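Pasted below: coords.cif, mmCIF, C-alpha atoms.
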data_coords
#
loop_
_atom_site.label_atom_id
_atom_site.label_comp_id
_atom_site.auth_asym_id
_atom_site.auth_seq_id
_atom_site.Cartn_x
_atom_site.Cartn_y
_atom_site.Cartn_z
CA MET A 128 6.74 -44.07 52.49
CA SER A 129 4.37 -43.88 55.51
CA LYS A 130 0.73 -42.77 55.16
CA LEU A 131 1.46 -39.63 57.21
CA ARG A 132 4.34 -38.61 54.95
CA ILE A 133 2.21 -39.20 51.85
CA PHE A 134 -0.57 -37.06 53.36
CA VAL A 135 1.84 -34.22 54.23
CA LYS A 136 3.40 -34.29 50.78
CA LYS A 137 0.03 -34.20 49.01
CA SER A 138 -1.16 -31.37 51.27
CA LEU A 139 1.91 -29.28 50.47
CA PHE A 140 1.40 -29.81 46.76
CA PHE A 141 -2.28 -28.82 47.07
CA LEU A 142 -1.70 -25.72 49.21
CA LEU A 143 1.55 -24.39 47.74
CA GLY A 144 1.81 -25.81 44.24
CA GLU A 145 4.33 -28.36 42.94
CA ARG A 146 7.37 -26.09 42.57
CA LEU A 147 7.27 -24.46 46.02
CA ALA A 148 6.34 -27.72 47.70
CA ASN A 149 9.36 -29.43 46.13
CA HIS A 150 11.63 -26.63 47.37
CA ILE A 151 10.35 -27.10 50.93
CA ILE A 152 10.75 -30.88 50.76
CA LEU A 153 14.32 -30.60 49.45
CA TYR A 154 15.16 -28.00 52.12
CA TYR A 155 13.84 -30.33 54.84
CA ARG A 156 15.79 -33.30 53.47
CA TYR A 157 18.99 -31.25 53.26
CA HIS A 158 18.80 -30.17 56.89
CA ARG A 159 17.78 -33.64 58.04
CA GLU A 160 20.89 -35.12 56.41
CA LYS A 161 23.01 -32.23 57.73
CA ILE A 162 21.87 -33.00 61.28
CA LYS A 163 22.60 -36.71 60.78
CA ARG A 164 26.07 -35.89 59.44
CA GLN A 165 26.75 -33.48 62.30
CA SER A 166 25.70 -36.08 64.87
CA TRP A 167 27.96 -38.61 63.16
CA TYR A 168 30.92 -36.22 63.37
CA GLU A 169 30.18 -35.37 66.99
CA TYR A 170 30.20 -39.07 67.84
CA HIS A 171 33.53 -39.59 66.11
CA LEU A 172 35.01 -36.58 67.86
CA ASN A 173 34.50 -38.34 71.18
CA ASN A 174 34.99 -42.00 70.28
CA LEU A 175 37.27 -44.07 68.07
CA ARG A 176 34.76 -46.43 66.54
CA TYR A 177 37.14 -48.35 64.34
CA PHE A 178 40.65 -48.77 63.02
CA GLU A 179 42.44 -51.36 60.94
CA VAL A 180 46.05 -52.42 60.51
CA HIS A 181 47.92 -54.60 58.04
CA LEU A 182 49.82 -57.71 59.08
CA THR A 183 51.00 -58.14 55.49
CA GLU A 184 51.06 -55.80 52.52
CA HIS A 185 50.86 -58.62 49.98
CA CYS A 186 48.09 -61.13 49.32
CA ASN A 187 47.56 -64.64 47.94
CA LEU A 188 44.41 -63.70 46.02
CA ASN A 189 45.10 -60.25 44.50
CA CYS A 190 41.76 -58.75 43.58
CA ALA A 191 41.39 -56.29 40.72
CA SER A 192 41.02 -52.67 41.91
CA CYS A 193 42.15 -53.60 45.44
CA ALA A 194 41.81 -50.49 47.62
CA HIS A 195 45.07 -51.31 49.40
CA PHE A 196 47.01 -52.06 46.19
CA ALA A 197 47.92 -55.54 47.45
CA PRO A 198 48.44 -56.97 43.92
CA LEU A 199 51.14 -54.35 43.38
CA ALA A 200 52.89 -54.74 46.74
CA ASP A 201 56.13 -56.54 47.41
CA GLU A 202 56.15 -59.33 50.00
CA ILE A 203 56.13 -57.27 53.20
CA PHE A 204 55.35 -58.52 56.71
CA ALA A 205 54.48 -56.22 59.61
CA ASP A 206 57.20 -55.84 62.24
CA ILE A 207 56.01 -57.30 65.56
CA GLU A 208 57.93 -54.76 67.67
CA VAL A 209 56.56 -51.77 65.76
CA PHE A 210 53.07 -53.26 65.99
CA GLU A 211 53.32 -53.75 69.76
CA ARG A 212 54.65 -50.22 70.24
CA ASP A 213 51.79 -48.76 68.19
CA MET A 214 49.10 -50.84 69.90
CA ASN A 215 50.31 -49.85 73.34
CA ARG A 216 50.26 -46.17 72.34
CA MET A 217 46.75 -46.49 70.92
CA SER A 218 45.65 -48.18 74.14
CA GLU A 219 47.16 -45.34 76.16
CA LEU A 220 45.55 -42.62 74.05
CA PHE A 221 42.09 -44.18 73.98
CA HIS A 222 42.09 -45.60 77.52
CA LYS A 223 42.11 -49.21 76.33
CA ASN A 224 38.77 -48.76 74.65
CA VAL A 225 37.92 -48.54 70.95
CA GLY A 226 35.02 -50.06 69.05
CA ILE A 227 36.54 -52.43 66.49
CA ILE A 228 40.09 -53.38 65.49
CA ARG A 229 40.58 -55.30 62.25
CA LEU A 230 43.82 -57.20 61.62
CA MET A 231 44.00 -57.52 57.88
CA GLY A 232 46.09 -57.08 54.74
CA GLY A 233 46.96 -58.13 52.20
CA GLU A 234 46.21 -61.51 53.71
CA PRO A 235 46.95 -61.70 57.47
CA LEU A 236 47.08 -65.50 57.59
CA LEU A 237 50.29 -65.31 55.57
CA HIS A 238 52.17 -63.83 58.53
CA PRO A 239 54.24 -66.45 60.37
CA GLN A 240 53.81 -64.57 63.69
CA LEU A 241 50.04 -64.22 63.40
CA LEU A 242 49.34 -65.62 66.87
CA ASP A 243 51.69 -63.10 68.49
CA PHE A 244 49.83 -60.23 66.83
CA MET A 245 46.58 -61.59 68.20
CA TYR A 246 47.89 -61.81 71.77
CA ILE A 247 49.40 -58.32 71.62
CA THR A 248 46.18 -56.77 70.36
CA ARG A 249 44.00 -58.27 73.08
CA LYS A 250 46.56 -57.45 75.77
CA ALA A 251 46.55 -53.80 74.69
CA PHE A 252 42.73 -53.75 74.54
CA PRO A 253 41.55 -56.18 77.25
CA ASN A 254 38.02 -54.77 77.40
CA LEU A 255 35.82 -57.27 75.56
CA SER A 256 33.67 -54.41 74.28
CA THR A 257 36.52 -53.90 71.80
CA GLY A 258 35.83 -56.28 68.94
CA ILE A 259 39.01 -57.71 67.41
CA TYR A 260 38.72 -59.32 63.98
CA ILE A 261 41.03 -61.31 61.74
CA VAL A 262 39.90 -60.39 58.22
CA THR A 263 40.76 -63.08 55.69
CA ASN A 264 39.94 -64.22 52.18
CA GLY A 265 39.64 -67.75 53.59
CA LEU A 266 42.18 -69.46 51.33
CA LEU A 267 44.33 -70.58 54.28
CA LEU A 268 41.68 -70.72 56.99
CA LEU A 269 40.98 -74.46 56.96
CA LYS A 270 44.73 -75.12 56.90
CA GLN A 271 45.22 -73.44 60.28
CA GLU A 272 46.37 -75.65 63.12
CA GLU A 273 44.36 -76.10 66.30
CA ILE A 274 46.46 -73.49 68.12
CA PHE A 275 45.06 -70.78 65.82
CA TRP A 276 41.47 -71.53 66.79
CA LYS A 277 42.35 -71.86 70.48
CA THR A 278 44.13 -68.50 70.37
CA CYS A 279 41.06 -66.90 68.80
CA LYS A 280 38.87 -68.41 71.53
CA GLU A 281 41.22 -67.49 74.37
CA ASN A 282 41.48 -63.87 73.24
CA ASN A 283 37.89 -63.47 72.09
CA ILE A 284 38.98 -62.72 68.53
CA ARG A 285 36.52 -63.13 65.70
CA VAL A 286 37.25 -64.39 62.21
CA SER A 287 35.72 -62.41 59.37
CA VAL A 288 35.78 -64.10 55.96
CA THR A 289 35.29 -62.17 52.74
CA ARG A 290 33.34 -64.49 50.45
CA TYR A 291 34.92 -64.23 47.04
CA PRO A 292 33.57 -66.28 44.12
CA ILE A 293 36.20 -68.97 44.55
CA ASN A 294 35.86 -72.66 45.31
CA LEU A 295 36.12 -72.85 49.09
CA ASP A 296 34.17 -74.87 51.64
CA PHE A 297 32.50 -71.99 53.49
CA GLU A 298 30.18 -74.32 55.38
CA LYS A 299 33.15 -76.23 56.78
CA MET A 300 34.65 -72.92 57.96
CA VAL A 301 31.47 -72.26 59.91
CA GLN A 302 31.48 -75.73 61.44
CA THR A 303 35.17 -75.56 62.38
CA ALA A 304 34.70 -72.22 64.10
CA LYS A 305 31.71 -73.58 66.02
CA LEU A 306 33.75 -76.61 67.09
CA TYR A 307 36.26 -74.33 68.81
CA GLY A 308 33.73 -71.81 70.05
CA VAL A 309 35.02 -69.04 67.80
CA LEU A 310 32.71 -66.42 66.31
CA LEU A 311 32.97 -66.35 62.52
CA ASP A 312 31.15 -64.08 60.11
CA PHE A 313 31.17 -63.27 56.42
CA ASP A 314 31.80 -59.59 55.70
CA GLY A 315 30.16 -58.69 58.99
CA ILE A 316 27.13 -60.91 58.38
CA SER A 317 26.57 -63.93 60.63
CA GLU A 318 25.27 -66.09 57.79
CA ILE A 319 27.14 -66.84 54.57
CA ALA A 320 27.04 -63.54 52.74
CA PRO A 321 26.38 -62.88 49.07
CA ILE A 322 29.35 -63.19 46.74
CA LYS A 323 31.83 -60.32 46.93
CA THR A 324 31.73 -57.65 44.24
CA MET A 325 34.28 -54.93 43.65
CA CYS A 326 34.37 -51.16 43.83
CA HIS A 327 36.36 -49.18 41.27
CA ARG A 328 37.86 -46.29 43.25
CA VAL A 329 38.96 -43.89 40.54
CA ILE A 330 42.30 -42.15 41.03
CA ASP A 331 42.78 -38.78 39.31
CA LEU A 332 46.48 -38.77 38.50
CA SER A 333 46.43 -34.99 38.02
CA GLY A 334 45.34 -34.42 41.63
CA SER A 335 42.91 -31.73 40.47
CA GLN A 336 39.83 -32.77 42.48
CA ASP A 337 38.31 -30.62 45.24
CA TYR A 338 39.66 -32.36 48.33
CA LYS A 339 37.10 -30.84 50.72
CA LYS A 340 34.09 -31.82 48.61
CA ASN A 341 35.62 -35.25 48.04
CA PHE A 342 35.96 -35.87 51.76
CA LYS A 343 32.35 -34.92 52.44
CA ALA A 344 31.09 -37.18 49.65
CA CYS A 345 33.35 -40.14 50.47
CA GLY A 346 32.18 -43.07 52.55
CA TYR A 347 35.76 -44.00 53.42
CA GLY A 348 36.83 -40.68 54.93
CA ASN A 349 36.92 -41.19 58.71
CA GLY A 350 35.25 -44.54 58.07
CA CYS A 351 38.27 -46.74 57.26
CA ILE A 352 40.79 -45.36 59.74
CA PHE A 353 44.17 -46.97 59.24
CA LEU A 354 47.15 -47.45 61.56
CA LYS A 355 50.60 -47.85 60.07
CA ASP A 356 54.09 -47.23 61.49
CA GLY A 357 52.94 -44.95 64.27
CA ARG A 358 50.57 -42.89 62.17
CA LEU A 359 46.79 -42.84 61.73
CA SER A 360 45.14 -41.89 58.45
CA THR A 361 41.51 -41.16 57.71
CA CYS A 362 41.38 -43.91 55.05
CA GLY A 363 43.54 -46.81 53.94
CA LEU A 364 44.37 -45.43 50.50
CA SER A 365 46.78 -42.83 51.84
CA SER A 366 48.76 -45.51 53.71
CA HIS A 367 49.39 -47.62 50.62
CA PHE A 368 49.91 -45.30 47.68
CA GLN A 369 53.61 -46.16 47.74
CA HIS A 370 52.78 -49.52 46.11
CA PHE A 371 50.89 -47.77 43.30
CA ASN A 372 53.65 -45.21 42.83
CA LYS A 373 56.40 -47.81 42.72
CA TYR A 374 54.68 -50.27 40.38
CA PHE A 375 53.41 -47.72 37.88
CA SER A 376 56.28 -45.21 38.25
CA GLN A 377 53.89 -42.51 39.43
CA ASN A 378 54.53 -39.64 41.81
CA ILE A 379 51.34 -39.16 43.78
CA GLU A 380 52.44 -36.93 46.61
CA VAL A 381 51.90 -38.34 50.10
CA THR A 382 53.07 -36.05 52.92
CA ASP A 383 52.95 -35.95 56.71
CA ALA A 384 49.78 -33.87 56.37
CA ASP A 385 47.98 -36.99 55.10
CA SER A 386 48.27 -38.79 58.45
CA ILE A 387 48.83 -37.97 62.12
CA ASP A 388 51.65 -39.11 64.39
CA ILE A 389 50.16 -40.92 67.39
CA PHE A 390 53.31 -40.32 69.45
CA LYS A 391 53.47 -36.58 68.86
CA SER A 392 49.75 -36.15 69.46
CA ARG A 393 49.01 -35.42 73.10
CA THR A 394 45.34 -36.33 73.32
CA ALA A 395 42.78 -38.59 71.69
CA LYS A 396 40.59 -35.58 70.90
CA GLU A 397 43.39 -34.00 68.87
CA ILE A 398 43.62 -37.18 66.79
CA LEU A 399 39.85 -37.54 66.38
CA ARG A 400 39.49 -33.96 65.15
CA TYR A 401 42.22 -34.56 62.63
CA LEU A 402 40.60 -37.76 61.34
CA ALA A 403 37.27 -35.97 60.85
CA SER A 404 38.89 -33.49 58.44
CA PRO A 405 39.87 -33.76 54.76
CA ILE A 406 43.50 -34.42 53.86
CA PRO A 407 45.48 -33.06 50.89
CA LEU A 408 45.59 -36.52 49.30
CA CYS A 409 41.80 -36.43 48.86
CA ARG A 410 42.42 -34.37 45.73
CA TYR A 411 43.60 -37.54 43.95
CA CYS A 412 40.27 -39.34 44.35
CA ASN A 413 37.50 -38.86 41.80
CA VAL A 414 34.77 -39.86 44.22
CA HIS A 415 31.85 -39.18 41.89
CA ALA A 416 33.31 -41.44 39.18
CA ARG A 417 33.40 -44.51 41.42
CA THR A 418 31.42 -47.56 40.40
CA TYR A 419 30.15 -50.28 42.69
CA GLY A 420 28.94 -53.85 42.33
CA ASN A 421 31.51 -54.72 39.67
CA THR A 422 32.13 -58.40 38.96
CA TRP A 423 35.07 -59.70 40.98
CA CYS A 424 38.18 -60.86 39.13
CA VAL A 425 41.89 -61.32 39.73
CA SER A 426 44.05 -58.28 39.04
CA MET A 427 45.94 -58.01 35.77
CA LYS A 428 48.00 -55.23 37.35
CA ASP A 429 46.68 -52.75 34.80
CA ILE A 430 46.67 -49.10 35.91
CA LYS A 431 43.12 -48.80 34.52
CA GLU A 432 41.92 -50.88 37.48
CA TRP A 433 42.63 -47.85 39.67
CA THR A 434 42.19 -44.89 37.30
#

Output the structure of this file as structure tokens.
Amino acid sequence: MSKLRIFVKKSLFFLLGERLANHIILYYRYHREKIKRQSWYEYHLNNLRYFEVHLTEHCNLNCASCAHFAPLADEIFADIEVFERDMNRMSELFHKNVGIIRLMGGEPLLHPQLLDFMYITRKAFPNLSTGIYIVTNGLLLLKQEEIFWKTCKENNIRVSVTRYPINLDFEKMVQTAKLYGVLLDFDGISEIAPIKTMCHRVIDLSGSQDYKKNFKACGYGNGCIFLKDGRLSTCGLSSHFQHFNKYFSQNIEVTDADSIDIFKSRTAKEILRYLASPIPLCRYCNVHARTYGNTWCVSMKDIKEWT
């Protein structure tokens, strides 16, 4: 806390008393955060900062509590024609300019047509201000042939490695990327990041949560925008609940109201306003029961990992 803030706080306590001074301080903080939140929404109503898309639904690592339910998913590869159609439409809607696109999964390096997905993405978004990332757990990274690294370099595509507590040569990954002139980071950090921990995102199977309050309190709402089969959703959970439902014989209701059709939408602004609003599926998340910084482990496919 700065000296000026300390002085102001002490002066308020002296002049007004502790109780009234605390009320004023809390009122100020509330409106300061409200202004920040409003500015954040206004930005997102005029720009698409970020979206992600799966190249595979399944994974070769399968983390406990995976937000995309990869341990529960069947072996599913993204269709290259559907992907190209969707990318071209996104490019049209947003005038070939978004902030960041993350090609992920599952584990994207499992897809046999990975290079084609990379070319298509950069062709649809040729402006280099659009950052394109391959997001990988690193298990297959050092097994990639030279053409992979050259394709990354040619299309200005970055490699983002999530550093799980597994025995991989992360330093060699850095050196290999440097050899080919490819930018590589670890969870968005240029240096080798701390070991990955897990978040337990608690699902309320009864769907009795307040979906509006949940959305406002959730860091993923309008923060992890997901593209799948011609539809955008405000977070990745809504795009992958089918894996949870199928594996655990649940019936969490996912409807068209939980995502927006990019082909029926006429303007980018229409889409951005939708993404900045709560969806019915938010009622299945118990946001305030979430825990963070949990020790990473492989999934046992136990429903308790998600509830």

Smallest atom-to-atom distance to A:Lys391: which of A:Leu220, A:Ala194, A:Leu268, A:Val225, using only C-alpha atoms?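 So, comparing all the options, the nearest one is A:Leu220.
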
Determine the residue set returned by the PyMOL selection byres ((chain A and resi 297) around 12) for the present structure, and present it as a VMD selection string. chain A and resid 264 to 269 287 to 296 298 to 304 311 to 313 318 to 322

Restrict the calculation to all atoms listed in the file, then for each residue of stretch 194-281 of chain A with any atom at most 7 Å from an atom of stretch 359-370 of chain A give the closest atom pair and their distance in Å to one decimal, rows by chain and rising residue number, as JSON lines.
{"residue": "A:Ala194", "atom": "CA", "partner": "A:Leu364", "partner_atom": "CA", "distance": 6.4}
{"residue": "A:His195", "atom": "CA", "partner": "A:His367", "partner_atom": "CA", "distance": 5.8}
{"residue": "A:Phe196", "atom": "CA", "partner": "A:His370", "partner_atom": "CA", "distance": 6.3}
{"residue": "A:Leu199", "atom": "CA", "partner": "A:His370", "partner_atom": "CA", "distance": 5.8}
{"residue": "A:Ala200", "atom": "CA", "partner": "A:His370", "partner_atom": "CA", "distance": 5.3}

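Shortest separation to A:Trp423 among A:Arg249, A:Arg400, A:Lys270, A:Lys323 occurs at residue A:Lys323, atoms counted being only C-alpha atoms.
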
What do you get, as a PyMOL selection string, if you spell out every residue that the PyMOL selection byres ((chain A and resi 309) around 9) selects here? chain A and resi 276-277+279-280+283-286+303-308+310-311

One decimal, in Å: what's the spacing between atom CA of A:Ser218 and atom CA of A:Leu230?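 Taking atom CA of A:Ser218 and atom CA of A:Leu230, their separation equals 15.5 Å.
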
Residues returned when the PyMOL selection byres ((chain A and resi 410) around 12) runs on this file, as a short mmCIF file (atom, residue, chain, number, x, y, z; two decimals) with C-alpha atoms, in the coordinates of the input:
data_model
loop_
_atom_site.label_atom_id
_atom_site.label_comp_id
_atom_site.auth_asym_id
_atom_site.auth_seq_id
_atom_site.Cartn_x
_atom_site.Cartn_y
_atom_site.Cartn_z
CA VAL A 329 38.96 -43.89 40.54
CA ILE A 330 42.30 -42.15 41.03
CA ASP A 331 42.78 -38.78 39.31
CA LEU A 332 46.48 -38.77 38.50
CA SER A 333 46.43 -34.99 38.02
CA GLY A 334 45.34 -34.42 41.63
CA SER A 335 42.91 -31.73 40.47
CA GLN A 336 39.83 -32.77 42.48
CA ASP A 337 38.31 -30.62 45.24
CA TYR A 338 39.66 -32.36 48.33
CA LYS A 339 37.10 -30.84 50.72
CA LYS A 340 34.09 -31.82 48.61
CA ASN A 341 35.62 -35.25 48.04
CA PHE A 342 35.96 -35.87 51.76
CA CYS A 345 33.35 -40.14 50.47
CA SER A 365 46.78 -42.83 51.84
CA ILE A 379 51.34 -39.16 43.78
CA GLU A 380 52.44 -36.93 46.61
CA VAL A 381 51.90 -38.34 50.10
CA ASP A 385 47.98 -36.99 55.10
CA PRO A 405 39.87 -33.76 54.76
CA ILE A 406 43.50 -34.42 53.86
CA PRO A 407 45.48 -33.06 50.89
CA LEU A 408 45.59 -36.52 49.30
CA CYS A 409 41.80 -36.43 48.86
CA TYR A 411 43.60 -37.54 43.95
CA CYS A 412 40.27 -39.34 44.35
CA ASN A 413 37.50 -38.86 41.80
CA VAL A 414 34.77 -39.86 44.22
#
